[in-house]
file query31.tsv (TSV, C-alpha atoms)
chain	number	residue	atom	x	y	z
A	1130	GLY	CA	-129.81	-63.13	-99.41
A	1131	ARG	CA	-131.22	-60.68	-101.92
A	1132	THR	CA	-131.00	-59.98	-105.64
A	1133	ASP	CA	-129.87	-56.75	-107.29
A	1134	ILE	CA	-130.06	-55.65	-110.93
A	1135	TRP	CA	-126.91	-55.21	-113.01
A	1136	LEU	CA	-126.24	-53.75	-116.45
A	1137	LEU	CA	-123.82	-55.36	-118.90
A	1138	GLU	CA	-122.56	-53.62	-122.05
A	1139	LEU	CA	-122.55	-56.24	-124.82
A	1140	GLN	CA	-120.40	-54.16	-127.17
A	1141	PRO	CA	-117.90	-52.12	-125.12
A	1142	ARG	CA	-115.51	-49.68	-126.74
A	1143	ALA	CA	-112.45	-51.17	-128.39
A	1144	GLY	CA	-109.95	-52.31	-125.81
A	1145	GLN	CA	-112.38	-51.95	-122.93
A	1146	PRO	CA	-113.28	-55.01	-120.80
A	1147	VAL	CA	-116.82	-56.23	-120.35
A	1148	VAL	CA	-117.76	-54.99	-116.89
A	1149	ALA	CA	-121.09	-55.39	-115.14
A	1150	ARG	CA	-122.46	-52.24	-113.47
A	1151	ARG	CA	-124.77	-52.53	-110.48
A	1152	LEU	CA	-127.96	-50.54	-111.10
A	1153	THR	CA	-129.77	-51.24	-107.84
A	1154	GLN	CA	-128.53	-51.83	-104.32
A	1155	HIS	CA	-131.27	-52.01	-101.72
A	1156	ALA	CA	-131.90	-54.09	-98.63
A	1157	ALA	CA	-134.98	-55.49	-100.40
A	1158	SER	CA	-134.79	-57.78	-103.42
A	1159	ASP	CA	-135.01	-56.36	-106.95
A	1160	SER	CA	-135.80	-58.82	-109.75
A	1161	SER	CA	-137.33	-59.43	-113.18
A	1162	PRO	CA	-135.84	-56.44	-115.06
A	1163	ARG	CA	-137.59	-55.54	-118.33
A	1164	TRP	CA	-136.60	-52.88	-120.85
A	1165	SER	CA	-138.88	-49.94	-121.50
A	1166	PRO	CA	-139.72	-49.56	-125.22
A	1167	ASP	CA	-137.25	-46.66	-125.62
A	1168	SER	CA	-134.43	-48.65	-123.91
A	1169	ARG	CA	-133.64	-45.69	-121.66
A	1170	SER	CA	-135.03	-47.18	-118.46
A	1171	LEU	CA	-135.75	-50.50	-116.81
A	1172	LEU	CA	-138.86	-51.66	-115.03
A	1173	PHE	CA	-138.47	-54.30	-112.34
A	1174	LEU	CA	-140.17	-55.95	-109.38
A	1175	SER	CA	-139.09	-54.98	-105.89
A	1176	THR	CA	-140.24	-55.52	-102.32
A	1177	ARG	CA	-138.71	-52.25	-101.13
A	1178	SER	CA	-142.17	-50.77	-100.41
A	1179	GLY	CA	-143.07	-53.75	-98.21
A	1180	ALA	CA	-144.89	-55.58	-101.00
A	1181	SER	CA	-143.92	-56.80	-104.47
A	1182	GLN	CA	-144.56	-53.82	-106.76
A	1183	LEU	CA	-143.31	-52.44	-110.06
A	1184	TRP	CA	-140.47	-49.89	-110.05
A	1185	ARG	CA	-138.54	-48.00	-112.71
A	1186	ILE	CA	-134.91	-46.85	-112.87
A	1187	SER	CA	-133.37	-44.64	-115.54
A	1188	LEU	CA	-130.05	-45.56	-117.15
A	1189	ASP	CA	-129.11	-41.89	-116.88
A	1190	GLY	CA	-128.90	-42.21	-113.10
A	1191	GLY	CA	-131.02	-41.25	-110.12
A	1192	GLU	CA	-133.11	-43.20	-107.66
A	1193	ALA	CA	-135.68	-45.83	-108.62
A	1194	GLN	CA	-139.28	-44.63	-108.76
A	1195	GLN	CA	-142.31	-46.70	-107.77
A	1196	VAL	CA	-144.70	-47.37	-110.68
A	1197	THR	CA	-147.47	-49.41	-109.03
A	1198	ASP	CA	-148.92	-49.11	-105.55
A	1199	TYR	CA	-151.57	-51.79	-105.49
A	1200	PRO	CA	-152.95	-53.49	-102.36
A	1201	LEU	CA	-151.84	-56.90	-103.69
A	1202	ASP	CA	-148.44	-58.27	-104.70
A	1203	VAL	CA	-147.53	-58.03	-108.38
A	1204	THR	CA	-146.16	-61.49	-109.20
A	1205	THR	CA	-145.12	-61.19	-112.88
A	1206	PHE	CA	-145.25	-58.50	-115.57
A	1207	LYS	CA	-144.39	-57.71	-119.19
A	1208	VAL	CA	-144.02	-54.37	-120.97
A	1209	ALA	CA	-145.92	-53.79	-124.20
A	1210	PRO	CA	-143.64	-53.14	-127.23
A	1211	VAL	CA	-145.53	-49.90	-127.90
A	1212	GLY	CA	-148.38	-47.94	-126.35
A	1213	GLY	CA	-147.18	-47.47	-122.78
A	1214	ARG	CA	-149.04	-50.43	-121.32
A	1215	ILE	CA	-147.93	-53.17	-118.98
A	1216	ALA	CA	-149.40	-56.62	-118.41
A	1217	LEU	CA	-149.17	-57.88	-114.85
A	1218	THR	CA	-150.50	-60.71	-112.71
A	1219	MET	CA	-151.91	-60.68	-109.18
A	1220	GLU	CA	-153.74	-63.24	-107.08
A	1221	VAL	CA	-157.37	-62.23	-106.55
A	1222	PHE	CA	-160.63	-63.80	-105.47
A	1223	PRO	CA	-162.69	-64.43	-108.65
A	1224	ASP	CA	-165.89	-63.01	-107.14
A	1225	CYS	CA	-164.25	-59.74	-106.02
A	1226	ALA	CA	-164.99	-56.62	-108.06
A	1227	ASP	CA	-161.72	-54.85	-107.25
A	1228	LEU	CA	-158.30	-55.37	-105.69
A	1229	LYS	CA	-159.34	-53.90	-102.33
A	1230	CYS	CA	-161.96	-56.61	-101.92
A	1231	SER	CA	-159.34	-59.32	-102.38
A	1232	ALA	CA	-156.87	-57.57	-100.07
A	1233	ASP	CA	-159.48	-57.13	-97.32
A	1234	ARG	CA	-160.53	-60.76	-97.56
A	1235	LEU	CA	-156.95	-61.97	-97.27
A	1236	ILE	CA	-156.46	-59.80	-94.18
A	1237	ALA	CA	-159.65	-61.22	-92.68
A	1238	GLN	CA	-158.43	-64.76	-93.37
A	1239	GLY	CA	-155.19	-64.01	-91.56
A	1240	LYS	CA	-157.10	-62.82	-88.47
A	1241	ARG	CA	-159.23	-65.95	-88.14
A	1242	LYS	CA	-158.80	-67.81	-84.87
A	1243	ASN	CA	-159.62	-71.20	-86.33
A	1244	SER	CA	-157.50	-72.90	-88.99
A	1245	GLY	CA	-159.94	-75.45	-90.43
A	1246	LEU	CA	-160.63	-75.26	-94.17
A	1247	GLN	CA	-163.22	-76.98	-96.34
A	1248	TYR	CA	-162.47	-77.97	-99.94
A	1249	ASP	CA	-165.03	-79.28	-102.39
A	1250	GLU	CA	-162.71	-79.70	-105.39
A	1251	LEU	CA	-159.06	-80.36	-106.18
A	1252	PHE	CA	-156.43	-78.98	-106.08
A	1253	VAL	CA	-156.24	-78.69	-102.30
A	1254	ARG	CA	-152.49	-78.16	-102.29
A	1255	GLN	CA	-149.85	-77.78	-105.00
A	1256	TRP	CA	-146.32	-78.63	-103.88
A	1257	ASP	CA	-145.76	-76.40	-100.84
A	1258	THR	CA	-148.78	-74.10	-101.15
A	1259	TRP	CA	-152.34	-74.61	-99.91
A	1260	ARG	CA	-155.11	-73.20	-102.09
A	1261	ASN	CA	-156.80	-70.22	-100.47
A	1262	GLY	CA	-159.50	-69.46	-103.02
A	1263	THR	CA	-157.54	-66.92	-105.07
A	1264	LEU	CA	-156.61	-67.25	-108.74
A	1265	SER	CA	-153.57	-65.72	-110.40
A	1266	THR	CA	-155.16	-63.27	-112.84
A	1267	LEU	CA	-153.90	-61.23	-115.80
A	1268	PHE	CA	-154.36	-57.44	-115.78
A	1269	THR	CA	-153.25	-54.54	-117.94
A	1270	ALA	CA	-152.51	-50.97	-116.91
A	1271	GLN	CA	-151.44	-47.78	-118.64
A	1272	ILE	CA	-148.33	-45.93	-117.48
A	1273	GLY	CA	-149.13	-42.23	-117.46
A	1274	ALA	CA	-146.94	-39.23	-118.20
A	1275	ASP	CA	-146.18	-39.03	-114.48
A	1276	GLY	CA	-144.67	-42.54	-114.61
A	1277	LEU	CA	-147.41	-44.07	-112.48
A	1278	ALA	CA	-149.61	-46.99	-113.47
A	1279	THR	CA	-153.36	-46.53	-113.72
A	1280	THR	CA	-155.98	-48.72	-112.04
A	1281	PRO	CA	-155.48	-52.18	-113.57
A	1282	VAL	CA	-158.05	-53.77	-115.88
A	1283	ASN	CA	-158.84	-57.46	-115.42
A	1284	VAL	CA	-158.49	-58.95	-118.92
A	1285	SER	CA	-158.53	-62.69	-118.11
A	1286	GLY	CA	-161.20	-62.88	-115.42
A	1287	ALA	CA	-163.81	-64.38	-117.75
A	1288	VAL	CA	-161.59	-67.47	-117.94
A	1289	ARG	CA	-161.54	-69.14	-114.50
A	1290	ALA	CA	-157.90	-70.16	-114.43
A	1291	ASN	CA	-154.49	-69.40	-112.94
A	1292	ILE	CA	-152.38	-67.19	-115.20
A	1293	PRO	CA	-149.53	-68.00	-114.95
A	1294	SER	CA	-150.25	-71.62	-114.15
A	1295	LYS	CA	-149.40	-73.08	-110.75
A	1296	PRO	CA	-147.05	-74.13	-109.33
A	1297	ASN	CA	-144.26	-73.48	-111.87
A	1298	GLY	CA	-145.65	-71.15	-114.55
A	1299	GLY	CA	-144.14	-67.75	-115.32
A	1300	ASP	CA	-144.44	-64.83	-117.70
A	1301	GLU	CA	-143.54	-67.10	-120.63
A	1302	GLU	CA	-147.21	-68.15	-120.55
A	1303	TYR	CA	-148.50	-64.79	-121.84
A	1304	GLU	CA	-147.27	-62.42	-124.56
A	1305	TRP	CA	-147.99	-59.06	-126.16
A	1306	SER	CA	-148.71	-58.73	-129.86
A	1307	ARG	CA	-146.12	-56.72	-131.77
A	1308	ASP	CA	-148.38	-53.66	-131.98
A	1309	GLY	CA	-149.33	-53.84	-128.29
A	1310	SER	CA	-153.04	-54.13	-129.05
A	1311	ARG	CA	-153.58	-57.72	-127.87
A	1312	LEU	CA	-152.43	-60.30	-125.37
A	1313	VAL	CA	-152.32	-64.06	-125.80
A	1314	PHE	CA	-152.16	-66.23	-122.70
A	1315	SER	CA	-152.18	-69.94	-121.81
A	1316	ALA	CA	-154.70	-71.22	-119.28
A	1317	ARG	CA	-156.18	-74.43	-117.90
A	1318	LEU	CA	-159.67	-74.07	-116.47
A	1319	ALA	CA	-159.75	-74.25	-112.66
A	1320	ASP	CA	-162.72	-76.59	-112.49
A	1321	ARG	CA	-163.47	-80.01	-111.01
A	1322	VAL	CA	-161.30	-81.84	-113.56
A	1323	GLU	CA	-158.30	-79.49	-113.31
A	1324	ALA	CA	-156.24	-81.88	-111.16
A	1325	TRP	CA	-156.04	-84.55	-113.89
A	1326	SER	CA	-156.30	-82.35	-116.97
A	1327	THR	CA	-153.48	-81.13	-119.21
A	1328	ASN	CA	-155.80	-79.14	-121.47
A	1329	TYR	CA	-154.20	-75.71	-121.51
A	1330	ASP	CA	-155.59	-73.49	-124.27
A	1331	LEU	CA	-154.38	-70.21	-125.76
A	1332	TYR	CA	-156.71	-67.23	-125.38
A	1333	GLU	CA	-156.55	-63.85	-127.11
A	1334	VAL	CA	-157.88	-60.67	-125.51
A	1335	PRO	CA	-157.71	-56.93	-126.36
A	1336	ALA	CA	-155.16	-55.04	-124.28
A	1337	ALA	CA	-157.84	-52.67	-123.04
A	1338	GLY	CA	-160.14	-55.52	-122.01
A	1339	GLY	CA	-163.87	-55.05	-122.44
A	1340	THR	CA	-164.50	-58.33	-124.27
A	1341	ALA	CA	-164.21	-61.96	-123.18
A	1342	PRO	CA	-161.00	-63.76	-124.20
A	1343	ARG	CA	-161.27	-65.83	-127.39
A	1344	ASN	CA	-160.05	-69.44	-127.36
A	1345	LEU	CA	-157.53	-69.92	-130.19
A	1346	THR	CA	-156.90	-73.64	-129.66
A	1347	PRO	CA	-160.26	-75.33	-128.89
A	1348	ASP	CA	-159.46	-78.22	-131.24
A	1349	ASN	CA	-156.46	-79.43	-129.21
A	1350	PRO	CA	-157.49	-81.15	-125.93
A	1351	ALA	CA	-153.84	-81.31	-124.83
A	1352	TRP	CA	-151.35	-78.66	-123.72
A	1353	ASP	CA	-150.82	-75.32	-125.56
A	1354	THR	CA	-148.43	-72.81	-124.03
A	1355	GLN	CA	-145.57	-70.28	-124.42
A	1356	PRO	CA	-147.02	-68.02	-127.15
A	1357	VAL	CA	-144.57	-65.80	-129.07
A	1358	PHE	CA	-145.13	-63.41	-131.98
A	1359	LEU	CA	-142.98	-63.17	-135.10
A	1360	ALA	CA	-142.26	-59.89	-136.89
A	1361	ASN	CA	-144.99	-60.53	-139.49
A	1362	GLY	CA	-147.62	-61.06	-136.79
A	1363	ASP	CA	-147.71	-64.87	-136.97
A	1364	LEU	CA	-148.17	-66.60	-133.63
A	1365	ALA	CA	-146.02	-69.57	-132.58
A	1366	TRP	CA	-146.38	-71.72	-129.46
A	1367	LEU	CA	-145.62	-75.09	-127.91
A	1368	ALA	CA	-148.18	-77.88	-128.04
A	1369	MET	CA	-148.62	-81.45	-126.91
A	1370	LYS	CA	-150.86	-84.03	-128.60
A	1371	ARG	CA	-151.83	-86.55	-125.90
A	1372	PRO	CA	-154.54	-85.31	-123.50
A	1373	GLY	CA	-153.83	-86.02	-119.85
A	1374	PHE	CA	-150.18	-86.99	-120.48
A	1375	GLU	CA	-147.96	-84.30	-118.99
A	1376	ALA	CA	-144.74	-85.94	-120.20
A	1377	ASP	CA	-145.72	-85.76	-123.89
A	1378	ARG	CA	-143.38	-84.10	-126.40
A	1379	PHE	CA	-143.72	-80.35	-126.92
A	1380	HIS	CA	-143.59	-79.42	-130.61
A	1381	VAL	CA	-143.92	-75.98	-132.23
A	1382	VAL	CA	-147.16	-74.86	-133.89
A	1383	LEU	CA	-147.49	-71.79	-136.13
A	1384	ARG	CA	-150.67	-69.73	-136.76
A	1385	ASP	CA	-150.83	-67.51	-139.84
A	1386	ALA	CA	-151.80	-63.94	-138.89
A	1387	ALA	CA	-153.66	-63.32	-142.17
A	1388	THR	CA	-155.65	-66.55	-142.51
A	1389	GLY	CA	-155.76	-67.96	-138.99
A	1390	ARG	CA	-154.62	-71.34	-140.30
A	1391	THR	CA	-152.34	-73.40	-138.08
A	1392	ARG	CA	-149.65	-75.93	-138.95
A	1393	ALA	CA	-147.35	-78.15	-136.94
A	1394	LEU	CA	-143.90	-76.72	-137.60
A	1395	THR	CA	-141.57	-79.21	-135.87
A	1396	ASP	CA	-143.67	-82.36	-135.84
A	1397	ALA	CA	-140.92	-84.33	-137.57
A	1398	TRP	CA	-138.23	-83.25	-135.09
A	1399	ASP	CA	-137.75	-85.89	-132.38
A	1400	ARG	CA	-136.97	-83.40	-129.63
A	1401	SER	CA	-139.22	-81.84	-127.01
A	1402	VAL	CA	-138.85	-78.06	-126.84
A	1403	GLY	CA	-138.33	-76.69	-123.35
A	1404	ARG	CA	-138.35	-72.93	-123.92
A	1405	LEU	CA	-139.50	-71.01	-127.01
A	1406	GLY	CA	-138.34	-67.56	-128.08
A	1407	VAL	CA	-137.84	-65.29	-131.10
A	1408	SER	CA	-134.70	-63.84	-132.69
A	1409	ARG	CA	-134.13	-60.09	-132.40
A	1410	ASP	CA	-135.35	-59.46	-135.96
A	1411	GLY	CA	-138.48	-61.54	-135.33
A	1412	LYS	CA	-137.87	-63.81	-138.33
A	1413	ARG	CA	-136.61	-67.00	-136.63
A	1414	LEU	CA	-137.61	-69.00	-133.61
A	1415	LEU	CA	-135.21	-69.90	-130.81
A	1416	ALA	CA	-135.67	-73.01	-128.70
A	1417	THR	CA	-133.97	-75.09	-126.06
A	1418	ALA	CA	-134.33	-78.87	-126.03
A	1419	ASP	CA	-132.77	-81.83	-124.26
A	1420	ASN	CA	-130.29	-83.29	-126.70
A	1421	VAL	CA	-128.19	-86.43	-126.00
A	1422	GLY	CA	-127.54	-85.53	-122.39
A	1423	GLN	CA	-127.19	-81.77	-122.98
A	1424	LEU	CA	-129.65	-78.88	-122.85
A	1425	ALA	CA	-129.02	-77.36	-126.26
A	1426	LEU	CA	-130.07	-74.16	-128.02
A	1427	PHE	CA	-131.45	-74.20	-131.57
A	1428	SER	CA	-132.63	-71.77	-134.23
A	1429	ILE	CA	-135.76	-72.89	-136.10
A	1430	ASP	CA	-136.61	-71.84	-139.66
A	1431	VAL	CA	-140.27	-70.75	-139.71
A	1432	ALA	CA	-140.79	-71.82	-143.33
A	1433	THR	CA	-139.48	-75.38	-143.09
A	1434	GLY	CA	-139.31	-76.08	-139.35
A	1435	LYS	CA	-135.67	-77.11	-139.73
A	1436	PRO	CA	-133.70	-76.77	-136.47
A	1437	THR	CA	-130.12	-75.50	-136.62
A	1438	PRO	CA	-127.97	-75.98	-133.51
A	1439	ILE	CA	-126.40	-72.92	-131.90
A	1440	VAL	CA	-125.06	-74.42	-128.66
A	1441	THR	CA	-124.95	-78.20	-128.32
A	1442	ASN	CA	-122.93	-78.89	-125.18
A	1443	GLY	CA	-123.56	-77.98	-121.56
A	1444	GLN	CA	-126.88	-76.64	-120.32
A	1445	VAL	CA	-128.44	-73.48	-121.75
A	1446	ALA	CA	-130.51	-72.58	-118.70
A	1447	GLU	CA	-131.89	-69.30	-120.13
A	1448	PHE	CA	-131.53	-67.24	-123.28
A	1449	SER	CA	-132.37	-63.79	-124.63
A	1450	ALA	CA	-132.08	-62.60	-128.22
A	1451	ALA	CA	-129.44	-59.93	-128.85
A	1452	PRO	CA	-128.68	-57.81	-131.96
A	1453	ASN	CA	-125.71	-60.04	-132.80
A	1454	GLY	CA	-126.42	-63.50	-131.46
A	1455	VAL	CA	-128.12	-64.81	-128.35
A	1456	VAL	CA	-127.18	-64.11	-124.75
A	1457	ILE	CA	-127.27	-67.39	-122.82
A	1458	ALA	CA	-126.92	-68.50	-119.22
A	1459	TRP	CA	-124.57	-71.43	-119.85
A	1460	ALA	CA	-123.64	-74.05	-117.26
A	1461	SER	CA	-122.02	-77.46	-117.14
A	1462	LEU	CA	-121.15	-80.12	-114.59
A	1463	ALA	CA	-117.86	-78.26	-114.12
A	1464	ALA	CA	-119.24	-74.78	-113.41
A	1465	PRO	CA	-122.43	-72.90	-112.51
A	1466	ALA	CA	-124.11	-70.66	-115.05
A	1467	ASP	CA	-122.43	-67.53	-116.45
A	1468	LEU	CA	-123.51	-65.25	-119.27
A	1469	PHE	CA	-122.15	-65.78	-122.78
A	1470	VAL	CA	-122.99	-64.60	-126.31
A	1471	ALA	CA	-123.61	-67.43	-128.77
A	1472	THR	CA	-123.79	-67.00	-132.54
A	1473	GLN	CA	-123.50	-70.38	-134.24
A	1474	ALA	CA	-122.48	-73.93	-133.41
A	1475	SER	CA	-119.07	-73.60	-135.06
A	1476	VAL	CA	-118.10	-70.62	-132.89
A	1477	VAL	CA	-117.35	-70.95	-129.18
A	1478	PRO	CA	-119.69	-68.66	-127.17
A	1479	ARG	CA	-118.03	-65.45	-126.00
A	1480	ARG	CA	-117.85	-65.13	-122.22
A	1481	LEU	CA	-119.47	-62.06	-120.66
A	1482	THR	CA	-119.29	-62.79	-116.93
A	1483	SER	CA	-117.21	-64.76	-114.44
A	1484	ILE	CA	-119.39	-64.27	-111.40
A	1485	ASN	CA	-117.91	-67.12	-109.35
A	1486	ALA	CA	-114.29	-66.89	-110.53
A	1487	ASP	CA	-112.85	-66.22	-107.05
A	1488	VAL	CA	-114.80	-69.05	-105.42
A	1489	LEU	CA	-114.09	-71.55	-108.18
A	1490	GLY	CA	-110.42	-70.61	-108.15
A	1491	GLN	CA	-110.20	-71.93	-104.60
A	1492	ARG	CA	-111.79	-75.27	-105.47
A	1493	ALA	CA	-110.56	-78.43	-107.16
A	1494	MET	CA	-113.39	-79.26	-109.56
A	1495	ALA	CA	-114.11	-82.86	-110.49
A	1496	SER	CA	-113.70	-83.86	-114.12
A	1497	PHE	CA	-116.61	-85.51	-115.93
A	1498	GLU	CA	-117.07	-87.67	-118.97
A	1499	GLN	CA	-120.20	-88.49	-120.93
A	1500	PHE	CA	-120.80	-92.06	-122.07
A	1501	ARG	CA	-123.45	-93.93	-124.02
A	1502	PHE	CA	-125.06	-97.30	-123.42
A	1503	ALA	CA	-127.98	-99.33	-124.74
A	1504	GLY	CA	-131.31	-99.08	-122.94
A	1505	ALA	CA	-134.71	-100.65	-123.56
A	1506	ASP	CA	-135.12	-101.89	-127.15
A	1507	ASP	CA	-131.44	-100.98	-127.63
A	1508	ALA	CA	-132.27	-97.26	-127.58
A	1509	PRO	CA	-129.18	-95.14	-126.83
A	1510	VAL	CA	-129.06	-93.71	-123.30
A	1511	TYR	CA	-126.54	-91.12	-122.15
A	1512	GLY	CA	-124.95	-90.86	-118.72
A	1513	TYR	CA	-122.02	-89.19	-117.00
A	1514	VAL	CA	-119.06	-90.37	-114.95
A	1515	MET	CA	-117.99	-87.81	-112.36
A	1516	LYS	CA	-114.43	-88.52	-111.25
A	1517	PRO	CA	-113.29	-87.45	-107.77
A	1518	ALA	CA	-111.23	-84.28	-107.55
A	1519	GLY	CA	-107.58	-85.26	-107.76
A	1520	PHE	CA	-108.42	-88.50	-109.55
A	1521	GLU	CA	-105.43	-90.76	-110.21
A	1522	ALA	CA	-105.63	-93.46	-112.86
A	1523	GLY	CA	-105.02	-96.97	-111.49
A	1524	ARG	CA	-106.30	-96.24	-108.00
A	1525	LYS	CA	-109.52	-97.81	-106.71
A	1526	TYR	CA	-112.33	-95.54	-105.58
A	1527	PRO	CA	-115.79	-96.19	-104.15
A	1528	ILE	CA	-118.53	-95.55	-106.69
A	1529	ALA	CA	-122.04	-94.15	-106.23
A	1530	PHE	CA	-124.80	-94.84	-108.72
A	1531	LEU	CA	-127.61	-92.31	-109.16
A	1532	VAL	CA	-130.51	-93.68	-111.21
A	1533	HIS	CA	-133.37	-91.29	-111.85
A	1534	GLY	CA	-136.58	-92.44	-113.50
A	1535	GLY	CA	-140.04	-93.91	-113.17
A	1536	PRO	CA	-143.20	-92.27	-111.84
A	1537	GLN	CA	-142.72	-89.27	-109.56
A	1538	VAL	CA	-143.63	-91.37	-106.50
A	1539	SER	CA	-140.62	-93.61	-107.06
A	1540	PHE	CA	-137.84	-91.00	-107.14
A	1541	GLN	CA	-135.57	-92.98	-104.82
A	1542	ASN	CA	-131.85	-92.40	-104.96
A	1543	GLN	CA	-130.33	-95.88	-104.62
A	1544	TRP	CA	-126.71	-95.99	-103.51
call {"tool": "encode", "arguments": {"input": "query31.tsv", "output": "structure tokens"}}
result
Amino acid sequence: GRTDIWLLELQPRAGQPVVARRLTQHAASDSSPRWSPDSRSLLFLSTRSGASQLWRISLDGGEAQQVTDYPLDVTTFKVAPVGGRIALTMEVFPDCADLKCSADRLIAQGKRKNSGLQYDELFVRQWDTWRNGTLSTLFTAQIGADGLATTPVNVSGAVRANIPSKPNGGDEEYEWSRDGSRLVFSARLADRVEAWSTNYDLYEVPAAGGTAPRNLTPDNPAWDTQPVFLANGDLAWLAMKRPGFEADRFHVVLRDAATGRTRALTDAWDRSVGRLGVSRDGKRLLATADNVGQLALFSIDVATGKPTPIVTNGQVAEFSAAPNGVVIAWASLAAPADLFVATQASVVPRRLTSINADVLGQRAMASFEQFRFAGADDAPVYGYVMKPAGFEAGRKYPIAFLVHGGPQVSFQNQW
């Protein structure tokens, strides 16, 4: 399989249906589309050159043009709001002075006859990937008048860390300032205590590099991540409080752009934020959080920290701020994710896509019902009953229990 990029008009002409238009169609995969600052073209990652590189396609038509041609794969990227710069990540050897050095060393590793490796610190392996000595590193580059990216500048190399973090981090772990002059990124030092540390800090660095990144969160020995900027320049992010405890609650912290003072914004809210974002006008925060058996979407007031629900049922898998509402990837136990526009909790989200309509129309979907029961210390716990397709009341059916919990080593599905 492969992925292509599609364009969806959020506000079609009166009487016109919402129709998705395919922008790319190539044998290779195209992914991670990002708007250019003028909204007239899209930048995206593609393997059509044989490696993962950055490409651009104009909304006015024509073929996609290659933007980067580096000897290493580009893994993630973000476009600066102004200034014509991009931030991008690649995996390099920390002691290499340029990308060619890292590329040559990887080629040499692949030609080795022997397969033995020696490790003198953890991690040795993370999930399905063995460590090979490289670190995911943050770079910036300028896009010239010819549409090509310049030689990238290593802006995070002074911090020995993986950016984004491994194995599950993404571009939500670094962000441009509103004026495009700075980057803030989250990083955990790749040292001898990395394997049992949750001390991710936020670092700030000039977009052009040249100076070492500055640690913004040295006072918190726990996790700091997902930086986002508000319209007034204030910085918000997610933070934990308990060092070494990766299942701690993520709450929102706000840093005043003028004074540098920080304050816990949602400390009194008994929810753990999963994904943090900003409204289109930059004045409110957007956040997803597990909420009584749902993955809900909230708007957060930056003055009071008060959360206001936008979507409270189903699972909001992803979201993106729009001029009039929030575009969400919304799923449930009855259907996979489709795109909708959500405005407020009292209004049903407006459907934009029905990607799997033909397939689902040929299936009898099971009905489901949420229920509540008392757990430890009489705390409310929420579960679901999934009824067989074609369920008939009064008939007897076999039942399967799925209980998920405990340490990761005890994920056993007991039937």
call {"tool": "closest_residue", "arguments": {"input": "query31.tsv", "among": "A:Ala1216, A:Leu1383, A:Val1322, A:Ala1360", "to": "Asp1300 in chain A", "atoms": "only C-alpha atoms"}}
result
A:Ala1216
call {"tool": "closest_residue", "arguments": {"input": "query31.tsv", "among": "A:Leu1531, A:Leu1251, A:Ala1486, A:Leu1264", "to": "Ser1326 in chain A", "atoms": "all atoms listed in the file"}}
result
A:Leu1251
call {"tool": "residues_around", "arguments": {"input": "query31.tsv", "residues": "range 1168-1173 of chain A", "least_positions_apart": "2", "cutoff": "12 Å", "atoms": "all atoms listed in the file", "output": "ChimeraX atom specification"}}
result
/A:1132-1136,1152-1153,1158-1166,1175-1177,1181-1197,1203-1211,1215,1217,1272,1276-1278
call {"tool": "atom_distance", "arguments": {"input": "query31.tsv", "atom1": "CA of Leu1345 in chain A", "atom2": "CA of Gln1271 in chain A"}}
result
25.7 Å
call {"tool": "residues_near_point", "arguments": {"input": "query31.tsv", "point": "(-150.7, -72.0, -139.1)", "cutoff": "12 Å", "atoms": "only C-alpha atoms", "output": "PyMOL selection string"}}
result
chain A and resi 1345-1346+1362-1366+1381-1394+1431-1432
call {"tool": "closest_residue", "arguments": {"input": "query31.tsv", "among": "A:Asn1243, A:Ala1503, A:Ala1460, A:Arg1321", "to": "Asn1485 in chain A", "atoms": "all atoms listed in the file"}}
result
A:Ala1460
call {"tool": "atom_distance", "arguments": {"input": "query31.tsv", "atom1": "CA of Asp1348 in chain A", "atom2": "CA of Gly1309 in chain A"}}
result
26.6 Å
call {"tool": "residues_around", "arguments": {"input": "query31.tsv", "residues": "Ser1265 in chain A", "least_positions_apart": "2", "cutoff": "6 Å", "atoms": "all atoms listed in the file", "output": "list in words"}}
result
Met1219, Glu1220, Asn1291 and Ile1292 of chain A
call {"tool": "residues_near_point", "arguments": {"input": "query31.tsv", "point": "(-156.2, -67.0, -97.1)", "cutoff": "12 Å", "atoms": "all atoms listed in the file", "output": "tab-separated table (two decimals) with C-alpha atoms, in the frame of the given file"}}
result
chain	number	residue	atom	x	y	z
A	1220	GLU	CA	-153.74	-63.24	-107.08
A	1221	VAL	CA	-157.37	-62.23	-106.55
A	1222	PHE	CA	-160.63	-63.80	-105.47
A	1231	SER	CA	-159.34	-59.32	-102.38
A	1232	ALA	CA	-156.87	-57.57	-100.07
A	1233	ASP	CA	-159.48	-57.13	-97.32
A	1234	ARG	CA	-160.53	-60.76	-97.56
A	1235	LEU	CA	-156.95	-61.97	-97.27
A	1236	ILE	CA	-156.46	-59.80	-94.18
A	1237	ALA	CA	-159.65	-61.22	-92.68
A	1238	GLN	CA	-158.43	-64.76	-93.37
A	1239	GLY	CA	-155.19	-64.01	-91.56
A	1240	LYS	CA	-157.10	-62.82	-88.47
A	1241	ARG	CA	-159.23	-65.95	-88.14
A	1244	SER	CA	-157.50	-72.90	-88.99
A	1245	GLY	CA	-159.94	-75.45	-90.43
A	1246	LEU	CA	-160.63	-75.26	-94.17
A	1258	THR	CA	-148.78	-74.10	-101.15
A	1259	TRP	CA	-152.34	-74.61	-99.91
A	1260	ARG	CA	-155.11	-73.20	-102.09
A	1261	ASN	CA	-156.80	-70.22	-100.47
A	1262	GLY	CA	-159.50	-69.46	-103.02
A	1263	THR	CA	-157.54	-66.92	-105.07
A	1264	LEU	CA	-156.61	-67.25	-108.74
call {"tool": "atom_distance", "arguments": {"input": "query31.tsv", "atom1": "CA of Leu1489 in chain A", "atom2": "CA of Ala1458 in chain A"}}
result
17.2 Å
call {"tool": "residues_around", "arguments": {"input": "query31.tsv", "residues": "Val1456 in chain A", "least_positions_apart": "3", "cutoff": "7 Å", "atoms": "all atoms listed in the file", "output": "list in words"}}
result
Phe1448, Ser1449, Ala1450, Ala1451, Leu1468, Phe1469, Val1470 and Ala1471 of chain A
